[in-house]
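Engineer: Structure file coords-v4.txt, compact mmCIF, C-alpha atoms, is pasted below:
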# COMPACT_ATOMS: atom_id res chain seq x y z
CA MET O 1 93.60 123.67 61.68
CA PRO O 2 96.52 121.38 60.76
CA PRO O 3 96.25 117.72 61.72
CA SER O 4 97.81 116.89 65.07
CA LEU O 5 101.04 114.94 65.14
CA ARG O 6 100.70 111.41 66.48
CA ARG O 7 102.71 109.80 69.24
CA GLY O 8 104.76 106.69 68.67
CA LYS O 9 108.15 105.08 69.15
CA ASP O 10 110.97 107.38 67.96
CA ALA O 11 108.75 110.49 67.96
CA ILE O 12 110.40 113.68 69.20
CA VAL O 13 108.49 115.41 71.99
CA SER O 14 108.75 118.49 74.17
CA ILE O 15 107.80 118.02 77.84
CA LEU O 16 107.07 120.49 80.63
CA THR O 17 110.02 120.07 83.01
CA LYS O 18 107.98 120.12 86.20
CA TYR O 19 106.14 116.95 85.08
CA ILE O 20 109.19 114.84 84.17
CA HIS O 21 110.10 111.91 86.43
CA PRO O 22 112.39 110.92 88.11
CA SER O 23 112.54 114.54 89.16
CA GLU O 24 115.97 114.43 90.86
CA HIS O 25 117.67 114.39 87.44
CA ILE O 26 115.66 117.40 86.28
CA ARG O 27 116.22 119.33 89.54
CA ALA O 28 119.97 118.75 89.27
CA ALA O 29 120.11 120.08 85.70
CA TYR O 30 117.52 122.88 86.15
CA PRO O 31 117.61 124.09 89.78
CA ASN O 32 115.29 127.07 89.10
CA PRO O 33 113.03 126.19 86.16
CA GLY O 34 111.00 129.00 84.67
CA ASN O 35 107.25 129.01 84.33
CA GLY O 36 106.29 126.80 81.38
CA GLN O 37 109.88 125.63 80.78
CA ARG O 38 110.06 122.62 78.47
CA LEU O 39 112.67 119.97 77.75
CA ASP O 40 112.84 119.82 73.95
CA GLY O 41 114.23 116.99 71.84
CA CYS O 42 113.12 114.00 73.92
CA CYS O 43 112.95 110.75 71.93
CA VAL O 44 110.07 108.42 72.84
CA LEU O 45 111.07 104.83 73.65
CA ARG O 46 107.72 103.34 74.63
CA ARG O 47 104.41 103.92 76.36
CA GLU O 48 103.62 102.10 79.59
CA VAL O 49 101.60 102.31 82.77
CA LYS O 50 103.63 103.89 85.56
CA LYS O 51 102.81 104.81 89.12
CA ILE O 52 102.91 108.62 89.24
CA ARG O 53 101.71 110.54 92.29
CA ARG O 54 100.26 107.40 93.87
CA SER O 55 98.12 106.37 90.89
CA GLU O 56 98.63 104.22 87.82
CA GLN O 57 98.81 106.43 84.73
CA LEU O 58 99.70 105.95 81.08
CA ALA O 59 103.14 107.48 80.60
CA LEU O 60 105.65 108.10 77.82
CA VAL O 61 109.15 106.80 78.51
CA VAL O 62 111.74 109.01 76.81
CA THR O 63 115.48 109.59 76.54
CA HIS O 64 117.34 112.87 76.15
CA GLU O 65 120.93 113.63 75.17
CA SER O 66 121.42 115.77 78.32
CA PHE O 67 120.67 112.72 80.50
CA PRO O 68 122.65 109.79 79.01
CA GLY O 69 121.71 106.36 80.32
CA VAL O 70 118.59 107.66 82.11
CA GLU O 71 115.03 106.82 81.11
CA LEU O 72 112.73 109.73 81.91
CA TYR O 73 108.96 109.51 81.85
CA CYS O 74 105.90 111.76 82.03
CA VAL O 75 102.13 111.49 81.77
CA GLU O 76 101.17 111.66 78.09
CA ARG O 77 99.19 114.89 78.30
CA TYR O 78 102.28 116.92 79.23
CA ALA O 79 104.23 115.83 76.14
CA LYS O 80 103.83 117.82 72.93
CA VAL O 81 104.88 116.03 69.73
CA THR O 82 107.26 118.11 67.60
CA THR O 83 108.24 115.38 65.11
CA GLU O 84 105.88 112.54 64.33
CA ALA O 85 106.93 108.90 64.62
CA PRO O 86 107.07 106.55 61.61
CA PRO O 87 103.55 105.21 60.82
CA ASP O 88 104.49 101.65 61.81
CA TYR O 89 105.31 102.83 65.33
CA PHE O 90 102.18 104.88 66.15
CA PHE O 91 100.71 104.06 69.57
CA ASP O 92 97.09 104.21 68.46
CA ASN O 93 97.32 101.01 66.39
CA VAL O 94 95.92 98.95 69.27
CA VAL O 95 94.10 95.70 68.56
CA VAL O 96 92.11 93.96 71.29
CA GLN O 97 91.05 90.37 70.71
CA ALA O 98 87.60 89.45 71.96
CA VAL O 99 87.03 86.21 73.85
CA ASP O 100 85.33 83.49 71.81
CA GLU O 101 82.07 81.81 72.83
CA GLU O 102 83.77 78.95 74.72
CA GLY O 103 85.77 81.41 76.80
CA ASP O 104 89.08 79.63 76.22
CA GLY O 105 90.92 82.90 76.04
CA PRO O 106 91.61 85.57 73.45
CA GLY O 107 91.14 84.16 69.98
CA ALA O 108 91.02 80.53 71.16
CA GLY O 109 92.80 78.96 68.20
CA GLN O 110 90.98 80.61 65.29
CA GLY O 111 92.24 84.12 65.81
CA GLY O 112 88.91 85.33 67.15
CA PRO O 113 87.17 88.56 66.18
CA GLN O 114 89.30 91.67 66.40
CA GLN O 115 88.30 95.27 66.87
CA HIS O 116 90.51 98.32 66.47
CA ILE O 117 89.89 100.69 69.37
CA PRO O 118 92.04 103.83 68.97
CA GLU O 119 88.96 106.00 69.60
CA LEU O 120 88.35 104.15 72.89
CA MET O 121 91.90 104.57 74.26
CA PRO O 122 91.13 107.68 76.36
CA SER O 123 88.23 105.81 77.96
CA VAL O 124 90.41 102.75 78.59
CA CYS O 125 93.15 104.85 80.17
CA ARG O 126 90.77 106.88 82.36
CA ARG O 127 89.16 103.76 83.75
CA ASN O 128 92.51 101.98 84.35
CA PHE O 129 91.59 98.87 82.34
CA ARG O 130 94.30 96.52 81.20
CA LEU O 131 94.42 95.96 77.45
CA ASP O 132 94.80 92.20 77.90
CA ASP O 133 91.58 92.06 79.97
CA PRO O 134 89.24 89.59 78.20
CA ASP O 135 86.13 91.54 79.29
CA LEU O 136 87.43 94.90 78.06
CA LEU O 137 85.01 95.24 75.14
CA ASP O 138 82.03 94.29 77.32
CA ARG O 139 82.99 96.79 80.00
CA LEU O 140 83.27 99.54 77.41
CA GLN O 141 79.88 98.47 76.01
CA VAL O 142 81.21 97.90 72.52
CA ARG O 143 79.17 95.76 70.17
CA HIS O 144 81.30 93.28 68.23
What is this file in structure tokens?
Structural biologist:
Amino acid sequence: MPPSLRRGKDAIVSILTKYIHPSEHIRAAYPNPGNGQRLDGCCVLRREVKKIRRSEQLALVVTHESFPGVELYCVERYAKVTTEAPPDYFFDNVVVQAVDEEGDGPGAGQGGPQQHIPELMPSVCRRNFRLDDPDLLDRLQVRH
């Protein structure tokens, strides 16, 4: 099985049209979308938490040449990467700083211990934790 392509800024993705928001732009361009119809050639701008169907979800914000000046977005699982992003722009290079012993905040002057958590991202996203939460590592029961 070939390695999966990774998401990141400037990656090219294909998205199922029925899961793209804001949907009024998609409905205007595709009034009768077919089953499994995808919008190919979307360029990823960033990843952020958006309110979709009354819940906060991690979404990809994209642009497409058919919709100039409009930022479209979808939940990550409905986007299929067709061209990988440059390695410097991968989204899984997340670093969370642990709170030091005095509790003066992340790092507290000396940089503090750091832990790379790309393998924990699905758990973080499912539980709706904020990445700047100082108790994130404790809540995920990670030993640092």
Engineer: Atom CA of Arg47 of chain O to atom CA of Val81 of chain O: how many Å, to one decimal?
Structural biologist: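 It comes out at 13.8 Å.
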Engineer: Give me the residues near Tyr19 of chain O as a PyMOL selection string, where near means some atom within 10 Å (using all atoms listed in the file) and where sequence neighbours in that chain fewer than 2 positions away do not count.
Structural biologist: chain O and resi 15-17+21-23+26+38+52+73-75+77-79
Engineer: Quick one: distance from atom CA of Gly69 of chain O to atom CA of His25 of chain O in Å, one decimal?
Structural biologist: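 Taking atom CA of Gly69 of chain O and atom CA of His25 of chain O, their separation equals 11.5 Å.
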Engineer: Just the number, please: distance in Å from atom CA of Ser66 of chain O to atom CA of Glu84 of chain O, one decimal.
Structural biologist: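 Calculated distance between atom CA of Ser66 of chain O and atom CA of Glu84 of chain O is 21.2 Å.
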Engineer: Got a sec to check which residues sit within 9 Å of (112.7, 117.4, 71.6), counting all atoms listed in the file, and write them as an MDAnalysis selection string?
Structural biologist: chainID O and resid 11:15 39:43 64 80:83
Engineer: Since we have the selection now, will you write its residues out, keeping C-alpha atoms, as a PDB file, in the coordinates of the input?
Structural biologist:
ATOM      1  CA  ALA O  11     108.750 110.490  67.960  1.00  0.00           C
ATOM      2  CA  ILE O  12     110.400 113.680  69.200  1.00  0.00           C
ATOM      3  CA  VAL O  13     108.490 115.410  71.990  1.00  0.00           C
ATOM      4  CA  SER O  14     108.750 118.490  74.170  1.00  0.00           C
ATOM      5  CA  ILE O  15     107.800 118.020  77.840  1.00  0.00           C
ATOM      6  CA  LEU O  39     112.670 119.970  77.750  1.00  0.00           C
ATOM      7  CA  ASP O  40     112.840 119.820  73.950  1.00  0.00           C
ATOM      8  CA  GLY O  41     114.230 116.990  71.840  1.00  0.00           C
ATOM      9  CA  CYS O  42     113.120 114.000  73.920  1.00  0.00           C
ATOM     10  CA  CYS O  43     112.950 110.750  71.930  1.00  0.00           C
ATOM     11  CA  HIS O  64     117.340 112.870  76.150  1.00  0.00           C
ATOM     12  CA  LYS O  80     103.830 117.820  72.930  1.00  0.00           C
ATOM     13  CA  VAL O  81     104.880 116.030  69.730  1.00  0.00           C
ATOM     14  CA  THR O  82     107.260 118.110  67.600  1.00  0.00           C
ATOM     15  CA  THR O  83     108.240 115.380  65.110  1.00  0.00           C
TER      16      THR O  83
END
Engineer: Would you list the contacts of Phe90 of chain O as a compact mmCIF listing (two decimals) with C-alpha atoms, in the coordinates of the input, taking every protein, DNA or RNA residue within 8 Å and counting only C-alpha atoms, but skipping same-chain residues closer than 3 positions in sequence?
Structural biologist:
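Full text of around_32.txt as output:
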# COMPACT_ATOMS: atom_id res chain seq x y z
CA ARG O 6 100.70 111.41 66.48
CA ARG O 7 102.71 109.80 69.24
CA GLY O 8 104.76 106.69 68.67
CA LYS O 9 108.15 105.08 69.15
CA ALA O 85 106.93 108.90 64.62
CA PRO O 86 107.07 106.55 61.61
CA PRO O 87 103.55 105.21 60.82
CA ASN O 93 97.32 101.01 66.39
